[in-house]
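*Asks:* Before I ask anything, let me first share the structure, which is written out below as structure tokens.
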Amino acid sequence: GAPAQAVGGEVLRLRALLGTEYVGPAGVGTTRGGGAQVQLSVVYDTGSADLWVSSDLCRGPPCTREGRHRYNHTASPTYRPPVGPKQLRTTYGSAELEGELGADDVRLGPLLARGQGLGMIAEARGEAFNYLPLEGIVGLAFPGLAKDPSTSLVGRLTSEASAAFSQFAFYLHRDLDLGGGIVWGGVDHRLYDGELLWFPVPQELYWAVDLVAFRVGGAHPRLLR
């Protein structure tokens, strides 16, 4: 697909669900008029790398429950099938998703990723999708965790001419009613005090850092190496 492009501001607002999940909008597909075919309420997840959306392939609950939305790939003129039919499955801590691989335009806040690979949910199992109004997952971990490389948004942003948006930051407000946000393209200096410290990621899978020392209460730090 074409490089991801900026189409607006830089902050994507998130809504808290029970204090355990933070969800935000994702526009998927295209109408004849050029806008997003559907706005889905998705989890922005730094612990996975696949992009999954609730789709017309899912014909039963929880996808079809009242108030939930689905992407209809047959009605989007920008949808593109893979070279050959391909099944996907991703297992999470509280859910398992199965479906088919496809590609379409995806809008995430200020980002427009044309021809982005995505998993079209055909079956969703697990407590998270049963009890919370979730309509997809946007994995923001490294591409090495993706079941299919084309479904990795991070891989897309770091490999194309979108360097201005190859950084992102989360802000989660302590008041759940205020939710939080994703800041695309850097950080918002109004949301923190002091200087940022940068640490290397030891393995490009999860956003993890080496644990050098830890301290409990006022005890002296205990070095681990």
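Each chain of the structure tokens is named A, B, ... in the order shown, its residues numbered from 1; ligands are numbered from 1 in display order.
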When you look at Asp148 of chain A with a cut-off of 8 Å (counting only C-alpha atoms), what residues show up, excluding the ones that are within fewer than 2 positions of it in the same chain? I need them as a ChimeraX atom specification.

*Replies:* /A:50,88,146,150-152

*Asks:* For Gly119 of chain A, find every residue with an atom within 9 Å (counting only C-alpha atoms), except residues of its own chain fewer than 4 positions away, and show them as a list in words.

*Replies:* Asp50, Leu51, Trp52, Val53, Ser54, Ser55, Gln87, Leu88, Arg89, Leu97, Glu98, Gly99, Glu100, Leu101, Gly102, Ala103 and Thr151 of chain A

*Asks:* What would the file look like if the residues just selected were written as a compact mmCIF listing (two decimals), in the first residue's frame with C-alpha atoms?

*Replies:*
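Final file, again_19.txt:
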```txt
# COMPACT_ATOMS: atom_id res chain seq x y z
CA ASP A 50 -1.81 -7.77 14.57
CA LEU A 51 -4.56 -5.45 13.39
CA TRP A 52 -7.98 -7.12 13.75
CA VAL A 53 -11.41 -5.63 12.93
CA SER A 54 -14.91 -6.93 13.48
CA SER A 55 -16.26 -7.80 10.05
CA GLN A 87 -6.71 -17.79 7.55
CA LEU A 88 -5.43 -16.01 10.66
CA ARG A 89 -5.71 -16.76 14.36
CA LEU A 97 -9.70 -14.24 17.28
CA GLU A 98 -10.03 -16.14 14.01
CA GLY A 99 -10.70 -14.88 10.53
CA GLU A 100 -9.31 -14.05 7.12
CA LEU A 101 -6.56 -11.77 5.88
CA GLY A 102 -7.47 -8.75 3.78
CA ALA A 103 -6.28 -5.21 3.03
CA THR A 151 -1.04 -6.74 9.61
```

*Asks:* Using only C-alpha atoms, which of A:Ala95, A:Leu134, A:Arg125, A:Leu17 sits nearest Gly67 of chain A?

*Replies:*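 Going through A:Ala95, A:Leu134, A:Arg125, A:Leu17 one by one, the smallest distance to Gly67 of chain A is for A:Leu134.
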
*Asks:* Enumerate, as a VMD selection string, the complete set of residues in segment 127-192 of chain A that a backbone-based DSSP assignment places in helix (DSSP H, G or I).

*Replies:* chain A and resid 127 to 131 143 to 145 149 to 151 153 to 159 163 to 165 176 to 178 189 to 191

*Asks:* Could you tell me how far atom CA of Phe142 of chain A sits from atom CA of Val183 of chain A, in Å to one decimal place?

*Replies:*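 Distance reported for this atom pair: 18.0 Å.
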
*Asks:* Please tabulate, as CSV, the residues of segment 54-151 of chain A that come within 8 Å of segment 205-213 of chain A, each with its closest pair of atoms and the distance in Å to one decimal, counting only C-alpha atoms and ordering rows by chain, then residue number upward.

*Replies:*
```
residue,atom,partner,partner_atom,distance
A:Ala141,CA,A:Tyr206,CA,5.5
A:Phe142,CA,A:Leu205,CA,4.8
A:Pro143,CA,A:Leu205,CA,7.1
A:Gly144,CA,A:Leu205,CA,5.6
A:Leu145,CA,A:Leu205,CA,5.8
```

*Asks:* Put those residues in a file: C-alpha atoms, as an mmCIF file, in the first residue's frame.

*Replies:*
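result33.cif, freshly written:
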```cif
data_model
loop_
_atom_site.group_PDB
_atom_site.id
_atom_site.type_symbol
_atom_site.label_atom_id
_atom_site.label_comp_id
_atom_site.auth_asym_id
_atom_site.auth_seq_id
_atom_site.Cartn_x
_atom_site.Cartn_y
_atom_site.Cartn_z
ATOM 1 C CA ALA A 141 4.162 -4.131 19.324
ATOM 2 C CA PHE A 142 7.031 -4.965 16.969
ATOM 3 C CA PRO A 143 6.343 -6.773 13.653
ATOM 4 C CA GLY A 144 8.079 -9.913 14.914
ATOM 5 C CA LEU A 145 4.974 -10.714 16.985
#
```

*Asks:* Pick out the residues sitting within 12 Å of Cys58 of chain A, and hand them over as an mmCIF file with N, CA, C and O atoms, in the first residue's frame; count only C-alpha atoms, and ignore anything fewer than 6 positions along from it in its own chain.

*Replies:*
```
data_model
loop_
_atom_site.group_PDB
_atom_site.id
_atom_site.type_symbol
_atom_site.label_atom_id
_atom_site.label_comp_id
_atom_site.auth_asym_id
_atom_site.auth_seq_id
_atom_site.Cartn_x
_atom_site.Cartn_y
_atom_site.Cartn_z
ATOM 1 N N THR A 64 -22.447 -9.535 16.599
ATOM 2 C CA THR A 64 -23.753 -9.071 16.146
ATOM 3 C C THR A 64 -24.628 -8.521 17.268
ATOM 4 O O THR A 64 -25.814 -8.256 17.044
ATOM 5 N N ARG A 65 -24.078 -8.352 18.456
ATOM 6 C CA ARG A 65 -24.882 -7.833 19.554
ATOM 7 C C ARG A 65 -25.305 -6.392 19.267
ATOM 8 O O ARG A 65 -24.642 -5.657 18.540
ATOM 9 N N ARG A 68 -23.218 -2.910 18.330
ATOM 10 C CA ARG A 68 -21.865 -3.158 17.825
ATOM 11 C C ARG A 68 -21.816 -2.969 16.313
ATOM 12 O O ARG A 68 -22.795 -3.171 15.609
ATOM 13 N N HIS A 69 -20.630 -2.599 15.835
ATOM 14 C CA HIS A 69 -20.444 -2.289 14.425
ATOM 15 C C HIS A 69 -19.481 -3.289 13.787
ATOM 16 O O HIS A 69 -18.608 -3.831 14.453
ATOM 17 N N ARG A 70 -19.659 -3.474 12.469
ATOM 18 C CA ARG A 70 -18.796 -4.382 11.725
ATOM 19 C C ARG A 70 -18.388 -3.743 10.401
ATOM 20 O O ARG A 70 -19.161 -3.014 9.787
ATOM 21 N N TYR A 71 -17.189 -4.057 9.985
ATOM 22 C CA TYR A 71 -16.676 -3.629 8.689
ATOM 23 C C TYR A 71 -17.182 -4.595 7.620
ATOM 24 O O TYR A 71 -17.080 -5.811 7.772
ATOM 25 N N ASN A 72 -17.739 -4.051 6.530
ATOM 26 C CA ASN A 72 -18.252 -4.875 5.436
ATOM 27 C C ASN A 72 -17.285 -4.780 4.262
ATOM 28 O O ASN A 72 -17.298 -3.809 3.509
ATOM 29 N N HIS A 73 -16.446 -5.790 4.129
ATOM 30 C CA HIS A 73 -15.407 -5.714 3.098
ATOM 31 C C HIS A 73 -15.984 -5.745 1.689
ATOM 32 O O HIS A 73 -15.377 -5.212 0.757
ATOM 33 N N LEU A 97 -9.060 -14.727 18.496
ATOM 34 C CA LEU A 97 -9.696 -14.236 17.282
ATOM 35 C C LEU A 97 -9.291 -15.100 16.097
ATOM 36 O O LEU A 97 -8.129 -15.469 15.959
ATOM 37 N N GLU A 98 -10.277 -15.411 15.254
ATOM 38 C CA GLU A 98 -10.025 -16.140 14.015
ATOM 39 C C GLU A 98 -10.704 -15.418 12.872
ATOM 40 O O GLU A 98 -11.752 -14.789 13.045
ATOM 41 N N GLY A 99 -10.089 -15.510 11.686
ATOM 42 C CA GLY A 99 -10.697 -14.877 10.530
ATOM 43 C C GLY A 99 -9.813 -14.979 9.315
ATOM 44 O O GLY A 99 -8.963 -15.868 9.215
ATOM 45 N N GLU A 100 -10.020 -14.037 8.385
ATOM 46 C CA GLU A 100 -9.307 -14.049 7.117
ATOM 47 C C GLU A 100 -8.492 -12.782 6.945
ATOM 48 O O GLU A 100 -8.833 -11.721 7.469
ATOM 49 N N GLY A 119 -6.730 -8.321 9.793
ATOM 50 C CA GLY A 119 -7.459 -9.560 10.011
ATOM 51 C C GLY A 119 -8.941 -9.243 10.136
ATOM 52 O O GLY A 119 -9.345 -8.402 10.951
ATOM 53 N N MET A 120 -9.759 -9.893 9.335
ATOM 54 C CA MET A 120 -11.212 -9.701 9.397
ATOM 55 C C MET A 120 -11.794 -10.770 10.315
ATOM 56 O O MET A 120 -11.764 -11.966 9.989
ATOM 57 N N ILE A 121 -12.295 -10.343 11.463
ATOM 58 C CA ILE A 121 -12.769 -11.295 12.464
ATOM 59 C C ILE A 121 -13.968 -12.084 11.945
ATOM 60 O O ILE A 121 -14.965 -11.513 11.508
ATOM 61 N N ALA A 122 -13.852 -13.407 11.992
ATOM 62 C CA ALA A 122 -14.972 -14.284 11.680
ATOM 63 C C ALA A 122 -15.528 -14.927 12.944
ATOM 64 O O ALA A 122 -16.697 -15.296 12.997
ATOM 65 N N GLU A 123 -14.670 -15.050 13.960
ATOM 66 C CA GLU A 123 -15.100 -15.626 15.233
ATOM 67 C C GLU A 123 -14.266 -15.023 16.357
ATOM 68 O O GLU A 123 -13.044 -14.935 16.256
ATOM 69 N N ALA A 124 -14.961 -14.569 17.410
ATOM 70 C CA ALA A 124 -14.300 -13.990 18.582
ATOM 71 C C ALA A 124 -14.722 -14.767 19.810
ATOM 72 O O ALA A 124 -15.918 -14.882 20.093
ATOM 73 N N ARG A 125 -13.744 -15.312 20.517
ATOM 74 C CA ARG A 125 -14.029 -16.081 21.731
ATOM 75 C C ARG A 125 -13.280 -15.473 22.903
ATOM 76 O O ARG A 125 -12.170 -14.983 22.741
ATOM 77 N N GLU A 135 -14.577 -3.865 19.192
ATOM 78 C CA GLU A 135 -14.817 -4.132 17.768
ATOM 79 C C GLU A 135 -13.508 -4.289 16.988
ATOM 80 O O GLU A 135 -13.507 -4.206 15.766
#
```
